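One structure is given here, and the rest of the page talks about it.
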Amino acid sequence: MPTIVTAVFTPKEGAKQSLIEAFEATIPAVHAEPGCELYSIHDAEDGTITMIEKWTTREQLDAHGRGQAVAALGAAAGPYLQQPAVVTFMTPLPAGTAEQGAL
């Protein structure tokens with residue numbers, strides 16, 4: 001069963017662009033990981049950056065969490081964060097059409 005993750009990052013004052021650049025530099029390694037179906041960042045209206053992820057299995061997500069790519073991402077982004085990310089793990093509940101009812 002796929003696992004969906006959101007991670008909301010709050011940048012330090014004046015550090016949003018540096019945070020985005022840190023993500024842009026490190027995300028390609030995550031995209032190459034087994035099970036990574038979606039790993040994308042979004043600029044939220046409240047000034048935060050939200051990452052939306054989709055992993056084929058929870059086991060692959062857990063391996064990602066222990067892996068080198070996420071460690072590099074954390075090290076690159078850490079200096080620009082005001083506080084730790086707020087991470088939410090979700091299981092899809094498809095509804096409606098197959099194309100529109102689930103990530």
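In the structure tokens, the first chain shown is A, the next is B, and so on; residue numbers restart at 1 for each chain, and ligands run from 1 in the order shown.
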Among range 14-101 of chain A, which ones does DSSP place in helix (DSSP H, G or I), written as a ChimeraX atom specification? /A:16-31,58-66,68-80
Which of range 3-99 of chain A end up as strand (DSSP E) when DSSP is run on this backbone - answer as a PDB file with N, CA and C atoms, in the first residue's frame?
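Output contents, as saved in selection.pdb:
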ATOM      1  N   THR A   3       2.281   5.034   0.681  1.00  0.00           N
ATOM      2  CA  THR A   3       2.276   5.943   1.822  1.00  0.00           C
ATOM      3  C   THR A   3       2.499   7.349   1.296  1.00  0.00           C
ATOM      4  N   ILE A   4       1.669   8.271   1.771  1.00  0.00           N
ATOM      5  CA  ILE A   4       1.781   9.679   1.407  1.00  0.00           C
ATOM      6  C   ILE A   4       2.341  10.420   2.614  1.00  0.00           C
ATOM      7  N   VAL A   5       3.214  11.381   2.355  1.00  0.00           N
ATOM      8  CA  VAL A   5       3.831  12.159   3.425  1.00  0.00           C
ATOM      9  C   VAL A   5       3.750  13.633   3.054  1.00  0.00           C
ATOM     10  N   THR A   6       3.444  14.464   4.047  1.00  0.00           N
ATOM     11  CA  THR A   6       3.652  15.898   3.902  1.00  0.00           C
ATOM     12  C   THR A   6       4.651  16.323   4.966  1.00  0.00           C
ATOM     13  N   ALA A   7       5.516  17.214   4.587  1.00  0.00           N
ATOM     14  CA  ALA A   7       6.474  17.791   5.529  1.00  0.00           C
ATOM     15  C   ALA A   7       6.445  19.300   5.313  1.00  0.00           C
ATOM     16  N   VAL A   8       6.134  20.029   6.375  1.00  0.00           N
ATOM     17  CA  VAL A   8       6.028  21.483   6.289  1.00  0.00           C
ATOM     18  C   VAL A   8       7.266  22.090   6.949  1.00  0.00           C
ATOM     19  N   PHE A   9       7.988  22.884   6.177  1.00  0.00           N
ATOM     20  CA  PHE A   9       9.243  23.500   6.613  1.00  0.00           C
ATOM     21  C   PHE A   9       9.041  25.002   6.782  1.00  0.00           C
ATOM     22  N   CYS A  36      10.250   5.777  -4.690  1.00  0.00           N
ATOM     23  CA  CYS A  36       9.886   7.195  -4.718  1.00  0.00           C
ATOM     24  C   CYS A  36       9.026   7.468  -5.955  1.00  0.00           C
ATOM     25  N   GLU A  37       7.745   7.686  -5.726  1.00  0.00           N
ATOM     26  CA  GLU A  37       6.825   7.995  -6.823  1.00  0.00           C
ATOM     27  C   GLU A  37       6.611   9.499  -6.979  1.00  0.00           C
ATOM     28  N   LEU A  38       6.735  10.235  -5.869  1.00  0.00           N
ATOM     29  CA  LEU A  38       6.546  11.678  -5.883  1.00  0.00           C
ATOM     30  C   LEU A  38       7.335  12.267  -4.721  1.00  0.00           C
ATOM     31  N   TYR A  39       8.069  13.317  -4.991  1.00  0.00           N
ATOM     32  CA  TYR A  39       8.835  14.018  -3.957  1.00  0.00           C
ATOM     33  C   TYR A  39       8.970  15.439  -4.469  1.00  0.00           C
ATOM     34  N   SER A  40       8.047  16.305  -4.056  1.00  0.00           N
ATOM     35  CA  SER A  40       7.971  17.632  -4.655  1.00  0.00           C
ATOM     36  C   SER A  40       7.790  18.697  -3.590  1.00  0.00           C
ATOM     37  N   ILE A  41       8.300  19.891  -3.859  1.00  0.00           N
ATOM     38  CA  ILE A  41       8.183  20.998  -2.918  1.00  0.00           C
ATOM     39  C   ILE A  41       7.232  22.054  -3.472  1.00  0.00           C
ATOM     40  N   HIS A  42       6.574  22.744  -2.522  1.00  0.00           N
ATOM     41  CA  HIS A  42       5.568  23.738  -2.887  1.00  0.00           C
ATOM     42  C   HIS A  42       5.685  24.939  -1.961  1.00  0.00           C
ATOM     43  N   ASP A  43       5.541  26.122  -2.535  1.00  0.00           N
ATOM     44  CA  ASP A  43       5.596  27.373  -1.789  1.00  0.00           C
ATOM     45  C   ASP A  43       4.195  27.682  -1.284  1.00  0.00           C
ATOM     46  N   ILE A  49       7.374  26.084   3.232  1.00  0.00           N
ATOM     47  CA  ILE A  49       7.593  25.220   2.078  1.00  0.00           C
ATOM     48  C   ILE A  49       7.030  23.855   2.467  1.00  0.00           C
ATOM     49  N   THR A  50       6.149  23.321   1.639  1.00  0.00           N
ATOM     50  CA  THR A  50       5.550  22.019   1.913  1.00  0.00           C
ATOM     51  C   THR A  50       6.061  20.997   0.913  1.00  0.00           C
ATOM     52  N   MET A  51       6.560  19.893   1.445  1.00  0.00           N
ATOM     53  CA  MET A  51       6.995  18.785   0.617  1.00  0.00           C
ATOM     54  C   MET A  51       5.876  17.755   0.607  1.00  0.00           C
ATOM     55  N   ILE A  52       5.527  17.280  -0.573  1.00  0.00           N
ATOM     56  CA  ILE A  52       4.546  16.221  -0.719  1.00  0.00           C
ATOM     57  C   ILE A  52       5.259  15.022  -1.324  1.00  0.00           C
ATOM     58  N   GLU A  53       5.100  13.870  -0.660  1.00  0.00           N
ATOM     59  CA  GLU A  53       5.796  12.661  -1.077  1.00  0.00           C
ATOM     60  C   GLU A  53       4.804  11.525  -1.276  1.00  0.00           C
ATOM     61  N   LYS A  54       5.151  10.609  -2.172  1.00  0.00           N
ATOM     62  CA  LYS A  54       4.411   9.359  -2.319  1.00  0.00           C
ATOM     63  C   LYS A  54       5.431   8.248  -2.496  1.00  0.00           C
ATOM     64  N   TRP A  55       5.300   7.227  -1.647  1.00  0.00           N
ATOM     65  CA  TRP A  55       6.199   6.075  -1.664  1.00  0.00           C
ATOM     66  C   TRP A  55       5.381   4.822  -1.931  1.00  0.00           C
ATOM     67  N   VAL A  86       7.250  19.773  10.324  1.00  0.00           N
ATOM     68  CA  VAL A  86       6.059  19.078  10.806  1.00  0.00           C
ATOM     69  C   VAL A  86       5.730  18.027   9.752  1.00  0.00           C
ATOM     70  N   VAL A  87       5.880  16.741  10.121  1.00  0.00           N
ATOM     71  CA  VAL A  87       5.738  15.639   9.177  1.00  0.00           C
ATOM     72  C   VAL A  87       4.473  14.850   9.506  1.00  0.00           C
ATOM     73  N   THR A  88       3.699  14.550   8.449  1.00  0.00           N
ATOM     74  CA  THR A  88       2.475  13.765   8.589  1.00  0.00           C
ATOM     75  C   THR A  88       2.527  12.597   7.618  1.00  0.00           C
ATOM     76  N   PHE A  89       2.254  11.387   8.124  1.00  0.00           N
ATOM     77  CA  PHE A  89       2.221  10.175   7.314  1.00  0.00           C
ATOM     78  C   PHE A  89       0.758   9.806   7.086  1.00  0.00           C
ATOM     79  N   MET A  90       0.409   9.458   5.834  1.00  0.00           N
ATOM     80  CA  MET A  90      -0.982   9.180   5.494  1.00  0.00           C
ATOM     81  C   MET A  90      -1.099   7.946   4.609  1.00  0.00           C
TER      82      MET A  90
END
Polymer residues at most 12 Å from Ser18 in chain A, only C-alpha atoms, same-chain spacing of 4 or more positions, as a PyMOL selection string: chain A and resi 11-14+22-25+49+76-81
Just want the 8 Å neighbourhood of Thr10 in chain A, counted on only C-alpha atoms, with same-chain residues fewer than 3 positions away dropped. Output as a PyMOL selection string. chain A and resi 47-49+81-85
Got time to write the residues from that selection, all heavy atoms, as a short mmCIF file (atom, residue, chain, number, x, y, z; two decimals), in the first residue's frame?
data_model
loop_
_atom_site.label_atom_id
_atom_site.label_comp_id
_atom_site.auth_asym_id
_atom_site.auth_seq_id
_atom_site.Cartn_x
_atom_site.Cartn_y
_atom_site.Cartn_z
N GLY A 47 4.12 31.28 3.87
CA GLY A 47 5.56 31.46 3.96
C GLY A 47 6.35 30.18 4.19
O GLY A 47 7.57 30.20 4.22
N THR A 48 5.64 29.06 4.37
CA THR A 48 6.31 27.78 4.55
C THR A 48 6.55 27.11 3.21
O THR A 48 5.99 27.51 2.19
CB THR A 48 5.50 26.84 5.46
OG1 THR A 48 4.24 26.58 4.83
CG2 THR A 48 5.28 27.46 6.84
N ILE A 49 7.37 26.08 3.23
CA ILE A 49 7.59 25.22 2.08
C ILE A 49 7.03 23.86 2.47
O ILE A 49 7.40 23.30 3.51
CB ILE A 49 9.09 25.10 1.72
CG1 ILE A 49 9.68 26.47 1.39
CG2 ILE A 49 9.30 24.10 0.59
CD1 ILE A 49 9.10 27.13 0.15
N LEU A 81 16.32 26.52 8.55
CA LEU A 81 15.04 26.23 9.19
C LEU A 81 14.88 26.94 10.53
O LEU A 81 15.80 26.94 11.35
CB LEU A 81 14.87 24.73 9.40
CG LEU A 81 14.78 23.89 8.13
CD1 LEU A 81 14.70 22.41 8.49
CD2 LEU A 81 13.59 24.31 7.29
N GLN A 82 13.72 27.50 10.74
CA GLN A 82 13.39 28.16 12.00
C GLN A 82 13.06 27.12 13.07
O GLN A 82 13.29 27.37 14.26
CB GLN A 82 12.20 29.08 11.77
CG GLN A 82 11.75 29.84 12.99
CD GLN A 82 10.64 30.81 12.64
OE1 GLN A 82 10.73 31.55 11.67
NE2 GLN A 82 9.59 30.79 13.42
N GLN A 83 12.51 25.99 12.67
CA GLN A 83 12.08 24.94 13.60
C GLN A 83 12.06 23.61 12.85
O GLN A 83 12.13 23.61 11.62
CB GLN A 83 10.69 25.26 14.14
CG GLN A 83 9.63 25.30 13.05
CD GLN A 83 8.34 25.93 13.51
OE1 GLN A 83 8.34 26.92 14.22
NE2 GLN A 83 7.23 25.35 13.11
N PRO A 84 11.97 22.49 13.56
CA PRO A 84 11.88 21.20 12.87
C PRO A 84 10.64 21.13 11.98
O PRO A 84 9.61 21.76 12.28
CB PRO A 84 11.80 20.19 14.01
CG PRO A 84 12.37 20.90 15.19
CD PRO A 84 12.02 22.34 15.01
N ALA A 85 10.74 20.35 10.93
CA ALA A 85 9.60 20.17 10.03
C ALA A 85 8.46 19.46 10.75
O ALA A 85 8.68 18.65 11.65
CB ALA A 85 10.03 19.34 8.81
#
Could you jot down the CA of Thr56 in chain A to CA of Gly35 in chain A separation for me, Å, one decimal place?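 Atom-to-atom, CA of Thr56 in chain A to CA of Gly35 in chain A, that is 4.8 Å.
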Which residue gives the smallest distance to Gly65 in chain A among A:Ala98, A:Val30, A:Leu19, A:Leu93, with only C-alpha atoms counted?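 For Gly65 in chain A, the nearest of the given residues is A:Val30.
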